[in-house]
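Trainee: Here you go, one structure.
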Amino acid sequence: MLEVSRKQVMAYRVARHGLHRDFADPVASPLFDLGLQDSMRDTALLALSARSSTPVEPTSLVDDPRVVLVWSHRGAPHFHRREDLRELVTSLIPLDDADALARMLWQKKEIGATGVPASEVLFTAARAIRKVVTQPMSKGAVSAAATRELPPEYSRWCRPCNATHIQEQLMRLATLHGGVRLEADQSPATLAPLEDRGRMRTSPDAAAVSRVVRGYLVANGPATQGDAAGFVGTAKTALSAAWPDDLVEVKVDGRRAFLPADQVAALENPPSPSVVRLLPPLDPFTQARDKAVLVPDKARAKEVWKILGSPGALLVDGELMGVWRTRGSGKRLAVTVTTFDPLRAADRDAAEEEASRAATARGYADFSVTWG
């Protein structure tokens with residue numbers, strides 16, 4: 001069995017995540033193979049900036065006709081290539097009712113209590129959303145209209161909204177199946193019909209799910225079945241039928257994990273991870289499920305992944321060496337970087353250059369950096 005060190009794994013992932021900036025066009029890079037999450041302000045834009053060989057502009061994603069924003073993996077908003085949408089939709093069809101229920105995540109109990117198979121609940125909701133969204137509509141308007149189309153047990157009383165509406169996770173999972181996307185750069189969230197909806201598909205395809213799992217293992221391997229299930233947003237057992245058959249077992253500092261066989265050479269001899277990057281919260285690199293591999297020190301891990309309001313992460317030579325936050329005021333973006341250990345002067349200079357790129361991406365004319 002192949003055995004590698006954690007440092008090899010980190011160097012491999014830096015390369016696989018495009019953080020060497022080897023791609024002139026990040027949309028064509030592996031970065032978009034799994035989509036680019038955009039759950040917080042400018043998260044996707046800053047993740048793109050960290051990987052682009054040229055400075056990124058504020059409208060780089062919004063104005064790019066090759067990408068589209070949808071609720072996809074785990075019901076989270078992701079930018080995906082438009083050309084990948086058909087395959088993406090197929091990969092998001094649950095393999096069975098147990099898988100469908102597991103994908104409801106924090107609302108499994110409520111969906112299970114309906115007494116209706118979770119797959120049926122999902123596609124009933126998708127048909128309702130497809131029916132009501134015929135033009136751009138606010139999320140609230142869609143929720144209200146879809147709720148009227150659905151059985152009452154699919155909804156709940158929402159205290160903040162002072163209204164009864166469709167379960168949140170159910171709506172997020174059903175929307176893409178209903179042929180509906182999100183409007184980029186809109187607040188509150190706005191939904192619109194996809195330009196080419198086509199016929200709604202409901203038949204599971206284990207091969208399509210397997211390709212998503214394999215993509216996760218390529219980018220974040222070696223990893224476990226549980227890690228991959230966490231990314232998909234389902235139970236570990238639900239992936240048994242979709243577990244790729246071209247994997248090799250690898251030990252990472254004694255921990256058993258898996259990697260596609262064609263990635264072994266890259267893992268054994270990764271390029272030097274000698275880059276400095278400011279990664280935003282929810283960056284694909286820090287979204288890997290094995291956080292103990294990314295940051296073994298528990299105290300430092302708590303600083304990187306907060307329960308509420310997670311900061312960005314400072315990547316230096318393949319290690320997460322600190323966190324960073326921003327505050328905009330007028331035309332200036334103030335960046336505060338807090339390091340776990342003292343940095344070399346060259347690394348501080350490189351981090352300040354990254355802060356400059358982040359300011360440009362967010363549309364600020366000037367920036368400042370405060371070190372802590």
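Each chain in the structure tokens gets a letter, A, B and so on, in the order shown; residues start at 1 in every chain, and ligands are counted from 1 in the order they appear.
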Excluding Ala125 in chain A and its own-chain neighbours fewer than 2 positions away, which residues fall within 12 Å of it when counting only C-alpha atoms? Please give them as an MDAnalysis selection string.
Mentor: chainID A and resid 111 118:123 127:132 142:143 145:155 165:179
Trainee: What's around Pro94 in chain A at 10 Å? Count only C-alpha atoms, leave out sequence neighbours fewer than 2 positions away in its own chain, and write the answer as a PyMOL selection string.
Mentor: chain A and resi 90-92+96-103+118-119+122+202-206+209+234+238
Trainee: Those same residues, written as a PDB file, in the first residue's frame with C-alpha atoms?
Mentor:
ATOM      1  CA  THR A  90     -28.239  14.023 -13.502  1.00  0.00           C
ATOM      2  CA  SER A  91     -25.607  13.697 -10.772  1.00  0.00           C
ATOM      3  CA  LEU A  92     -27.926  15.434  -8.291  1.00  0.00           C
ATOM      4  CA  ASP A  96     -32.801   5.995  -3.854  1.00  0.00           C
ATOM      5  CA  ASP A  97     -35.179   7.257  -1.178  1.00  0.00           C
ATOM      6  CA  ALA A  98     -32.616   6.856   1.582  1.00  0.00           C
ATOM      7  CA  ASP A  99     -30.187   9.009  -0.389  1.00  0.00           C
ATOM      8  CA  ALA A 100     -32.914  11.576  -1.072  1.00  0.00           C
ATOM      9  CA  LEU A 101     -33.743  11.811   2.622  1.00  0.00           C
ATOM     10  CA  ALA A 102     -30.071  12.087   3.612  1.00  0.00           C
ATOM     11  CA  ARG A 103     -29.645  15.011   1.204  1.00  0.00           C
ATOM     12  CA  ALA A 118     -38.269  11.563  -0.014  1.00  0.00           C
ATOM     13  CA  SER A 119     -37.651  11.233  -3.771  1.00  0.00           C
ATOM     14  CA  LEU A 122     -38.273  16.237  -4.011  1.00  0.00           C
ATOM     15  CA  THR A 202     -36.011  11.698 -12.306  1.00  0.00           C
ATOM     16  CA  SER A 203     -34.167   8.430 -13.037  1.00  0.00           C
ATOM     17  CA  PRO A 204     -31.040   7.971 -10.901  1.00  0.00           C
ATOM     18  CA  ASP A 205     -27.690   7.488 -12.595  1.00  0.00           C
ATOM     19  CA  ALA A 206     -24.999   5.951 -10.388  1.00  0.00           C
ATOM     20  CA  VAL A 209     -22.848  10.441  -9.091  1.00  0.00           C
ATOM     21  CA  THR A 234     -25.524  12.573   1.795  1.00  0.00           C
ATOM     22  CA  ALA A 238     -25.668   6.118   0.149  1.00  0.00           C
TER      23      ALA A 238
END
Trainee: CA of Val218 in chain A and CA of Leu314 in chain A, how far apart in Å?
Mentor: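 A separation of 22.7 Å between them.
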Trainee: I want to know what sits within 9 Å of Thr237 in chain A, based on only C-alpha atoms, with residues of the same chain fewer than 3 positions away left out; could you give that as a list in words?
Mentor: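 These residues fall inside the cut-off: Asp99, Gln225, Gly226, Ala229, Thr234, Ser240 and Ala241 of chain A.
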Trainee: Do you have the CA of Ala334 in chain A-CA of Thr370 in chain A distance handy?
Mentor: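 Separation of CA of Ala334 in chain A and CA of Thr370 in chain A: 7.7 Å.
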Trainee: Which one of A:Ala113, A:Ala313, A:Met1, A:Ala184 sits closest to Val264 in chain A if you count only C-alpha atoms?
Mentor: A:Met1
Trainee: So, with only C-alpha atoms as the atoms that count, which of A:Met200, A:Leu315, A:Leu259, A:Ala265 lies closest to Ile93 in chain A?
Mentor: A:Met200
Trainee: Could you please write out, as a ChimeraX atom specification, every residue of range 4-244 of chain A that DSSP assigns to strand (DSSP E)?
Mentor: /A:4,36-37,67-71,77-81,137-138,155-158,163-166,180-182,190-193
Trainee: Could you pull the residues within 10 Å of range 67-71 of chain A, counting only C-alpha atoms, minus those fewer than 6 positions along the same chain, as number ranges by chain?
Mentor: A: 27, 32, 35-39, 61, 77-85, 171-177, 179-185, 191, 194
Trainee: Nearest to Asp317 in chain A: which of A:Arg357, A:Arg344, A:Arg156, A:Lys236 is it, counting only C-alpha atoms?
Mentor: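 Closest to Asp317 in chain A of all the choices is A:Arg344.
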Trainee: Point out the residue among A:Gly198, A:Pro273, A:Pro281, A:Gly363 with the least atom-to-atom distance to Ser60 in chain A, counting only C-alpha atoms.
Mentor: A:Gly363
